[in-house]
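Structure data (TSV, C-alpha atoms) from query09.tsv:
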chain	number	residue	atom	x	y	z
A	1	MET	CA	129.95	198.55	-1.19
A	2	ARG	CA	131.04	194.92	-1.00
A	3	THR	CA	128.09	193.61	-3.03
A	4	ILE	CA	128.97	195.77	-6.03
A	5	GLN	CA	132.54	194.45	-5.93
A	6	ILE	CA	131.24	190.87	-5.94
A	7	LEU	CA	128.91	191.53	-8.87
A	8	LEU	CA	131.64	193.26	-10.87
A	9	GLN	CA	133.91	190.27	-10.32
A	10	LEU	CA	131.15	187.96	-11.56
A	11	VAL	CA	130.63	190.10	-14.67
A	12	ASN	CA	134.35	189.99	-15.41
A	13	SER	CA	134.46	186.22	-14.86
A	14	ILE	CA	131.45	185.63	-17.15
A	15	ALA	CA	132.88	187.88	-19.87
A	16	THR	CA	136.24	186.07	-19.88
A	17	ASN	CA	134.85	182.56	-19.36
A	18	PRO	CA	131.20	182.13	-20.49
A	19	SER	CA	131.33	178.45	-19.62
A	20	ILE	CA	130.81	179.29	-15.94
A	21	LEU	CA	127.23	180.48	-16.57
A	22	PRO	CA	125.63	177.13	-15.62
A	23	LEU	CA	127.70	177.11	-12.43
A	24	LEU	CA	126.62	180.49	-11.06
A	25	PRO	CA	125.24	180.21	-7.48
A	26	TRP	CA	122.00	182.08	-8.09
A	27	GLU	CA	120.62	181.61	-4.60
A	28	ASP	CA	123.82	182.96	-3.04
A	29	ILE	CA	123.71	185.94	-5.40
A	30	ARG	CA	120.10	186.61	-4.44
A	31	LEU	CA	120.86	186.43	-0.70
A	32	CYS	CA	123.88	188.71	-1.08
A	33	LEU	CA	121.87	191.28	-3.01
A	34	PHE	CA	118.83	191.33	-0.71
A	35	THR	CA	120.99	191.50	2.41
A	36	GLU	CA	122.55	194.64	0.94
A	37	LEU	CA	119.11	196.07	0.25
A	38	GLU	CA	117.81	195.25	3.74
A	39	ASN	CA	120.52	197.45	5.23
A	40	ARG	CA	118.78	200.41	3.60
A	41	ASP	CA	115.14	199.50	4.18
A	42	SER	CA	114.70	202.18	6.83
A	43	LEU	CA	115.17	204.84	4.13
A	44	TYR	CA	112.08	203.77	2.18
A	45	THR	CA	108.35	203.30	2.63
A	46	GLU	CA	106.95	199.78	2.64
A	47	GLU	CA	105.46	200.34	-0.82
A	48	GLN	CA	108.81	201.51	-2.19
A	49	ILE	CA	110.56	198.48	-0.69
A	50	LEU	CA	108.04	196.11	-2.29
A	51	GLN	CA	108.42	197.80	-5.68
A	52	ARG	CA	112.22	197.77	-5.48
A	53	ASN	CA	112.37	194.13	-4.43
A	54	ALA	CA	109.98	193.14	-7.21
A	55	VAL	CA	112.26	194.76	-9.81
A	56	PHE	CA	115.34	192.97	-8.49
A	57	THR	CA	113.49	189.66	-8.26
A	58	GLU	CA	112.42	190.00	-11.88
A	59	LEU	CA	115.96	190.83	-13.02
A	60	LEU	CA	117.39	187.86	-11.11
A	61	GLU	CA	114.85	185.48	-12.64
A	62	GLU	CA	115.65	186.76	-16.13
A	63	MET	CA	119.37	186.28	-15.43
A	64	ARG	CA	118.75	182.71	-14.28
A	65	GLN	CA	116.78	181.94	-17.46
A	66	PHE	CA	119.30	183.56	-19.79
A	67	GLY	CA	122.10	181.79	-17.93
A	68	ALA	CA	120.43	178.43	-18.48
A	69	ALA	CA	120.13	179.30	-22.18
A	70	GLY	CA	123.80	180.31	-22.33
A	71	ASP	CA	123.06	183.93	-23.30
A	72	THR	CA	126.14	185.60	-21.85
A	73	ASN	CA	125.37	189.13	-23.05
A	74	ALA	CA	121.83	189.12	-21.61
A	75	VAL	CA	123.11	187.98	-18.22
A	76	ILE	CA	125.88	190.58	-18.17
A	77	SER	CA	123.50	193.38	-19.18
A	78	ARG	CA	121.19	192.58	-16.27
A	79	PHE	CA	124.11	192.37	-13.86
A	80	ARG	CA	125.10	195.85	-15.00
A	81	ARG	CA	121.56	197.18	-14.49
A	82	ILE	CA	121.57	195.86	-10.92
A	83	ILE	CA	124.99	197.38	-10.29
A	84	LEU	CA	123.84	200.78	-11.57
A	85	VAL	CA	120.87	200.73	-9.19
A	86	LEU	CA	123.05	199.71	-6.26
A	87	GLN	CA	125.49	202.52	-7.04
A	88	ALA	CA	122.60	204.99	-6.81
A	89	LEU	CA	121.66	203.80	-3.32
A	90	PRO	CA	123.15	205.55	-0.27
A	91	ASP	CA	126.37	203.81	0.69
A	92	ALA	CA	126.39	202.00	4.03
A	93	GLU	CA	129.06	204.45	5.19
A	94	TYR	CA	126.56	207.29	4.96
A	95	THR	CA	123.29	205.46	5.63
A	96	GLY	CA	123.88	205.36	9.38
A	97	GLY	CA	124.30	209.12	9.58
A	98	LEU	CA	121.20	209.71	7.47
A	99	LEU	CA	119.12	207.42	9.66
A	100	GLU	CA	120.43	208.99	12.86
A	101	GLN	CA	119.55	212.45	11.57
A	102	ALA	CA	116.08	211.27	10.52
A	103	ASN	CA	115.50	209.68	13.95
A	104	PHE	CA	116.76	212.84	15.66
A	105	ASP	CA	114.53	215.13	13.58
A	106	HIS	CA	111.42	213.00	14.11
A	107	ALA	CA	111.87	212.69	17.87
A	108	CYS	CA	112.91	216.32	18.35
A	109	LEU	CA	109.96	217.62	16.35
A	110	ARG	CA	107.53	215.52	18.38
A	111	HIS	CA	109.09	216.68	21.65
A	112	HIS	CA	108.81	220.36	20.70
A	113	ARG	CA	105.39	220.09	19.08
A	114	GLU	CA	103.75	218.06	21.87
A	115	ASP	CA	105.82	219.29	24.83
A	116	THR	CA	106.61	215.71	25.78
A	117	VAL	CA	108.29	214.71	29.03
A	118	VAL	CA	111.92	213.81	28.33
A	119	VAL	CA	112.85	210.62	30.19
A	120	LEU	CA	116.62	210.88	30.52
A	121	GLY	CA	118.77	208.01	31.67
A	122	ASP	CA	119.92	204.44	31.22
A	123	SER	CA	118.12	201.60	29.40
A	124	HIS	CA	115.23	201.67	31.90
A	125	VAL	CA	113.84	204.66	29.99
A	126	ASN	CA	112.51	202.05	27.54
A	127	PHE	CA	109.57	201.29	29.85
A	128	PHE	CA	108.13	204.73	29.10
A	129	SER	CA	108.05	204.03	25.35
A	130	GLY	CA	105.36	201.35	25.59
A	131	ASN	CA	107.69	198.73	24.07
A	132	GLU	CA	107.92	195.40	25.87
A	133	GLU	CA	111.57	194.80	25.06
A	134	LEU	CA	114.46	197.24	24.59
A	135	THR	CA	113.87	199.17	21.37
A	136	PHE	CA	116.37	201.90	20.60
A	137	LEU	CA	116.94	204.13	17.56
A	138	PRO	CA	120.24	206.06	17.32
A	139	ILE	CA	120.05	209.85	17.07
A	140	GLY	CA	123.79	210.64	17.14
A	141	GLN	CA	126.41	211.14	19.86
A	142	ASN	CA	125.81	207.49	20.93
A	143	ILE	CA	122.38	208.50	22.21
A	144	ASN	CA	119.21	206.55	21.41
A	145	VAL	CA	115.54	207.41	21.36
A	146	CYS	CA	112.81	204.85	21.92
A	147	PRO	CA	110.14	204.71	19.21
A	148	SER	CA	106.81	205.64	20.75
A	149	ASN	CA	104.33	202.80	21.22
A	150	THR	CA	102.19	204.52	23.82
A	151	PRO	CA	99.56	207.28	24.03
A	152	TYR	CA	101.47	208.91	26.88
A	153	PRO	CA	103.60	212.00	26.11
A	154	PHE	CA	107.09	210.68	26.80
A	155	THR	CA	110.31	211.03	24.83
A	156	PRO	CA	112.69	208.42	26.30
A	157	LEU	CA	116.35	209.25	25.65
A	158	HIS	CA	118.84	206.50	26.35
A	159	LEU	CA	122.33	207.77	27.19
A	160	GLY	CA	123.85	204.30	27.46
A	161	PRO	CA	124.59	202.30	30.63
A	162	CYS	CA	125.31	205.49	32.56
A	163	LEU	CA	125.55	205.62	36.33
A	164	ALA	CA	123.95	207.96	38.82
A	165	TYR	CA	127.41	208.11	40.40
A	166	SER	CA	129.07	209.54	37.28
A	167	CYS	CA	126.23	211.37	35.48
A	168	ASN	CA	127.50	214.76	36.62
A	169	ARG	CA	131.14	214.15	35.65
A	170	TYR	CA	133.05	214.77	32.43
A	171	ASP	CA	135.26	212.19	30.68
A	172	THR	CA	133.63	209.08	32.11
A	173	THR	CA	133.38	205.81	30.18
A	174	PHE	CA	129.96	206.53	28.69
A	175	ARG	CA	130.28	210.34	28.69
A	176	CYS	CA	126.87	210.92	30.26
A	177	ARG	CA	127.43	214.58	31.03
A	178	GLU	CA	128.68	215.36	27.52
A	179	LYS	CA	125.67	213.59	26.02
A	180	ALA	CA	123.29	215.46	28.31
A	181	GLU	CA	124.82	218.81	27.36
A	182	PHE	CA	124.44	217.97	23.67
A	183	LEU	CA	120.75	217.28	24.29
A	184	PHE	CA	120.27	220.45	26.32
A	185	ARG	CA	121.79	222.45	23.49
A	186	ASP	CA	120.30	220.76	20.43
A	187	PHE	CA	117.27	218.68	21.42
A	188	ILE	CA	115.46	219.42	24.69
A	189	ARG	CA	113.28	222.52	24.64
A	190	PRO	CA	113.76	225.25	27.28
A	191	HIS	CA	111.86	224.70	30.54
A	192	ALA	CA	110.95	221.16	29.48
A	193	ARG	CA	109.86	218.49	31.93
A	194	ILE	CA	112.72	216.04	32.49
A	195	LEU	CA	112.23	212.76	34.33
A	196	CYS	CA	115.64	211.39	35.37
A	197	CYS	CA	116.03	207.63	35.38
A	198	PHE	CA	119.33	206.52	36.91
A	199	GLY	CA	120.52	204.24	39.68
A	200	GLU	CA	119.48	200.67	38.92
A	201	ILE	CA	122.85	199.82	37.36
A	202	ASP	CA	124.72	201.41	40.26
A	203	ILE	CA	122.84	199.19	42.70
A	204	ARG	CA	122.86	195.95	40.72
A	205	VAL	CA	126.50	196.06	39.64
A	206	HIS	CA	128.51	198.37	41.87
A	207	VAL	CA	127.16	198.89	45.37
A	208	PHE	CA	128.03	195.51	46.87
A	209	LYS	CA	131.24	195.29	44.91
A	210	GLN	CA	132.30	198.50	46.64
A	211	VAL	CA	130.98	197.30	49.99
A	212	THR	CA	133.53	194.47	49.79
A	213	ARG	CA	136.35	196.58	48.40
A	214	GLN	CA	135.97	199.51	50.76
A	215	VAL	CA	134.74	197.58	53.80
A	216	ARG	CA	131.86	200.01	54.26
A	217	THR	CA	128.10	199.65	54.60
A	218	TYR	CA	125.83	199.69	51.58
A	219	GLN	CA	124.24	202.86	53.00
A	220	ASN	CA	127.63	204.62	52.85
A	221	ILE	CA	128.14	203.56	49.23
A	222	VAL	CA	124.62	204.64	48.24
A	223	ASP	CA	125.16	208.00	49.97
A	224	ASP	CA	128.26	208.56	47.82
A	225	ILE	CA	126.27	207.77	44.67
A	226	LEU	CA	123.41	210.04	45.65
A	227	GLU	CA	125.72	212.94	46.40
A	228	GLN	CA	126.81	212.94	42.76
A	229	TYR	CA	123.27	212.36	41.47
A	230	PHE	CA	121.87	215.20	43.57
A	231	ALA	CA	124.41	217.60	42.06
A	232	PHE	CA	123.24	216.60	38.57
A	233	LEU	CA	119.57	217.10	39.45
A	234	LEU	CA	120.17	220.52	40.99
A	235	ARG	CA	122.15	221.55	37.96
A	236	LEU	CA	119.23	220.66	35.68
A	237	ARG	CA	116.87	222.73	37.80
A	238	GLU	CA	119.28	225.68	37.74
A	239	MET	CA	119.14	225.47	33.94
A	240	GLY	CA	115.40	226.06	34.12
A	241	TYR	CA	114.11	222.53	33.56
A	242	ARG	CA	111.20	221.08	35.51
A	243	VAL	CA	112.96	218.10	37.07
A	244	ALA	CA	111.45	214.91	38.45
A	245	CYS	CA	112.95	211.54	39.42
A	246	TRP	CA	111.99	207.95	38.65
A	247	GLY	CA	113.20	205.72	41.48
A	248	PRO	CA	115.20	202.60	40.57
A	249	ILE	CA	113.12	199.46	40.24
A	250	ALA	CA	113.57	196.19	42.13
A	251	SER	CA	116.67	194.26	41.19
A	252	GLN	CA	116.83	191.17	39.01
A	253	SER	CA	115.69	187.97	40.72
A	254	GLU	CA	118.25	185.35	41.74
A	255	ASN	CA	116.06	182.81	39.93
A	256	CYS	CA	117.12	184.36	36.63
A	257	PRO	CA	120.20	182.78	35.02
A	258	LEU	CA	123.25	185.01	35.04
A	259	ASP	CA	123.50	187.07	31.87
A	260	PRO	CA	126.78	188.80	30.94
A	261	ASN	CA	124.70	191.70	29.64
A	262	PHE	CA	123.23	192.23	33.12
A	263	PRO	CA	125.91	191.49	35.73
A	264	ARG	CA	124.98	191.62	39.39
A	265	ASN	CA	126.71	191.64	42.77
A	266	GLY	CA	125.20	190.95	46.16
A	267	THR	CA	122.10	188.87	46.75
A	268	GLU	CA	118.64	189.76	45.48
A	269	ILE	CA	117.54	190.78	48.96
A	270	GLU	CA	120.69	192.84	49.55
A	271	ARG	CA	120.26	194.70	46.28
A	272	ASN	CA	116.62	195.40	47.05
A	273	MET	CA	117.57	196.66	50.52
A	274	ALA	CA	119.99	199.07	48.82
A	275	THR	CA	117.29	200.05	46.32
A	276	ALA	CA	114.83	200.78	49.12
A	277	TYR	CA	117.41	202.96	50.86
A	278	PHE	CA	118.35	204.71	47.59
A	279	ASN	CA	114.69	205.51	46.90
A	280	LEU	CA	114.05	206.66	50.45
A	281	GLU	CA	116.91	209.15	50.37
A	282	LEU	CA	116.10	210.26	46.81
A	283	ALA	CA	112.46	210.86	47.81
A	284	ARG	CA	113.59	212.97	50.76
A	285	PHE	CA	115.86	215.01	48.52
A	286	CYS	CA	113.06	215.55	46.01
A	287	GLU	CA	110.68	216.65	48.74
A	288	ARG	CA	113.21	219.17	50.09
A	289	ASN	CA	113.76	220.56	46.62
A	290	ASN	CA	110.17	220.50	45.39
A	291	MET	CA	110.84	217.89	42.70
A	292	PRO	CA	108.26	215.17	41.98
A	293	PHE	CA	109.44	211.71	42.94
A	294	LEU	CA	107.90	208.72	41.14
A	295	SER	CA	108.41	205.13	42.18
A	296	ILE	CA	106.68	201.76	42.03
A	297	PHE	CA	109.45	199.91	43.88
A	298	PRO	CA	107.22	198.89	46.83
A	299	GLU	CA	104.82	197.15	44.43
A	300	LEU	CA	107.65	195.24	42.74
A	301	VAL	CA	108.81	193.31	45.81
A	302	THR	CA	107.36	190.90	48.36
A	303	PRO	CA	107.44	191.72	52.10
A	304	GLU	CA	110.67	189.69	52.17
A	305	LEU	CA	112.18	191.99	49.49
A	306	LEU	CA	112.09	189.40	46.73
A	307	THR	CA	111.48	190.75	43.24
A	308	LEU	CA	108.14	190.00	41.56
A	309	ASP	CA	109.32	188.86	38.15
A	310	LYS	CA	105.81	188.95	36.68
A	311	TYR	CA	106.20	192.69	36.10
A	312	TYR	CA	109.42	192.34	34.10
A	313	SER	CA	110.25	192.01	30.42
A	314	PRO	CA	111.74	188.78	28.99
A	315	ASP	CA	115.26	189.87	29.98
A	316	HIS	CA	114.13	189.82	33.67
A	317	CYS	CA	115.97	193.08	34.30
A	318	HIS	CA	113.77	195.79	32.76
A	319	LEU	CA	110.12	196.49	33.43
A	320	GLY	CA	107.61	195.03	31.03
A	321	GLN	CA	104.31	196.62	30.14
A	322	ALA	CA	102.62	194.45	32.77
A	323	ALA	CA	103.83	197.10	35.22
A	324	LEU	CA	101.95	199.89	33.43
A	325	PRO	CA	98.91	199.83	35.78
A	326	LEU	CA	101.29	200.34	38.70
A	327	ALA	CA	103.05	203.24	36.99
A	328	LEU	CA	100.07	205.24	35.76
A	329	PRO	CA	99.12	206.73	39.17
A	330	GLN	CA	102.76	207.82	39.61
A	331	TRP	CA	102.94	209.32	36.13
A	332	GLN	CA	100.00	211.58	36.93
A	333	LYS	CA	102.36	213.59	39.15
A	334	ILE	CA	104.05	215.03	36.05
A	335	LEU	CA	101.58	214.63	33.18

What do you get writing this file as C-alpha cells?
Amino acid sequence: MRTIQILLQLVNSIATNPSILPLLPWEDIRLCLFTELENRDSLYTEEQILQRNAVFTELLEEMRQFGAAGDTNAVISRFRRIILVLQALPDAEYTGGLLEQANFDHACLRHHREDTVVVLGDSHVNFFSGNEELTFLPIGQNINVCPSNTPYPFTPLHLGPCLAYSCNRYDTTFRCREKAEFLFRDFIRPHARILCCFGEIDIRVHVFKQVTRQVRTYQNIVDDILEQYFAFLLRLREMGYRVACWGPIASQSENCPLDPNFPRNGTEIERNMATAYFNLELARFCERNNMPFLSIFPELVTPELLTLDKYYSPDHCHLGQAALPLALPQWQKIL
C-alpha cells in the first residue's frame, strides 16, 4: 500500500529531524490518505464511511495542532495510529477480487430468486438496467453486471465489446464464448430466459470495412455475421434456455463528433440499411425457430433512415431511457 510507505517515511523523517514539523504538507497528506480510503468505500456502508472519515479527520487535525506546537512525539503517535488502521484495511490487491465476488453474489442471488431475464451481450445491455449512461460492475472473468435501476426483471450481463460474428467461437479477442460458458456454469439458472443483444458493433465498425476489403455487398457481409450468430442462438436453445433476441438499434448519427471509443465505418444511412437487413433476417430466423424477436429499430429512424438522436444517451451511441416507452411493448413478449 503506497500510502503506508509514504507515512512511514514521514515518521522516520520527523523522528530524525523534528525541525521539519512546520514544513509538513498537511493538505497533501490529507488528500493522499482520503484517496486511499476512497478506493475501499464500496466495502462499507455510508454510515461506516462517515464514521471512519470522521476519525481520520480528527487525527489529522490533532497532528496539525501538535505539529504547530512542535510536539514531535504526539505527531508521530498519531501517524502510527493511522498506519495501524490502514494496515487493517483490505489491500488494494485484494479489494478488487472481494468487490467482484460481492457483485457476483448479489446479482446471481437476485437472478435466481426473482427468475430475472438475463440480457447477454455487448454494452447495449445497459439500456435494460434503467441507467441513462453506461454503468458496469465487475463480477469476474472480465464480465460486468449493470446495477438495477428499474422495476423490470432484467439482469444485464456485459461480456465486453463482443461481436455477433465471433460470439460462438473460442479464443477470440474478447473471449465471448468462454465468458458465456462461465456464466452458464456458475451464474445463469437452468432453463432461464436469455435475451441476446449482439450486432450493433458488427454493423457500426465492421460491415462496411469488409464491404471495401472483400468487394462484396453489405448483405453478403451481414449474412456471414448472422450465420455465426444463429449457431450461437441455437446452441443456447439446445442447452435448455428460453432464448430471445434484441435487434440492433439504429447506428450513431453522422452529426455526432467522431469518438475513438465508438468508431464507425460507412455512412449513417448505409449503416442503418445494414441494420434493417440484419434485423429482418434475424426476425425471420427467430420466427422459424420459435424465438421471440424484440426490436424498436423502426421507431429509431426517419423514413430516410436517419437516426433519431433524441432517444440516445449522452454518448449518442447507446439508448437512453427516453426510449423506454418504445421498448415496453416489445419487452412484454418475454416478461

Requested in this report: Write out as a PyMOL selection string each polymer residue whose atoms come within 12 Å of Leu24 in chain A, counting all atoms listed in the file; drop sequence neighbours fewer than 3 positions from it.
Outcome: chain A and resi 7+10-11+13-14+17-21+27-30+60+63-68+70+72+75

For the contact check between range 58-173 of chain A and range 201-224 of chain A, emit one row per residue of range 58-173 of chain A within 9 Å, containing the shortest atom pair and the distance in Å rounded to one decimal, counting only C-alpha atoms, chain then rising number order, as JSON lines.
{"residue": "A:Asp122", "atom": "CA", "partner": "A:Ile201", "partner_atom": "CA", "distance": 8.2}
{"residue": "A:Pro161", "atom": "CA", "partner": "A:Ile201", "partner_atom": "CA", "distance": 7.4}
{"residue": "A:Cys162", "atom": "CA", "partner": "A:Ile201", "partner_atom": "CA", "distance": 7.8}
{"residue": "A:Leu163", "atom": "CA", "partner": "A:Asp202", "partner_atom": "CA", "distance": 5.8}
{"residue": "A:Ala164", "atom": "CA", "partner": "A:Asp202", "partner_atom": "CA", "distance": 6.8}
{"residue": "A:Tyr165", "atom": "CA", "partner": "A:Asp202", "partner_atom": "CA", "distance": 7.2}

Requested in this report: Check the smallest atom-to-atom distance from each of A:Ala107, A:Asn73, A:His316, A:Ala244 to Trp331 in chain A using all atoms listed in the file, then report the winner.
Outcome: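 Selected residue with least distance to Trp331 in chain A: A:Ala244.
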
Report task. Please identify all polymer residues within 9 Å of Val117 in chain A, counting all atoms listed in the file, omitting same-chain residues fewer than 4 positions from it, and present them as number ranges by chain. Result -> A: 111, 153-156, 192-195, 334-335

Query raised in the report: Just how far from CA of Phe182 in chain A is CA of Arg110 in chain A, in Å to one decimal?
Result: 17.9 Å
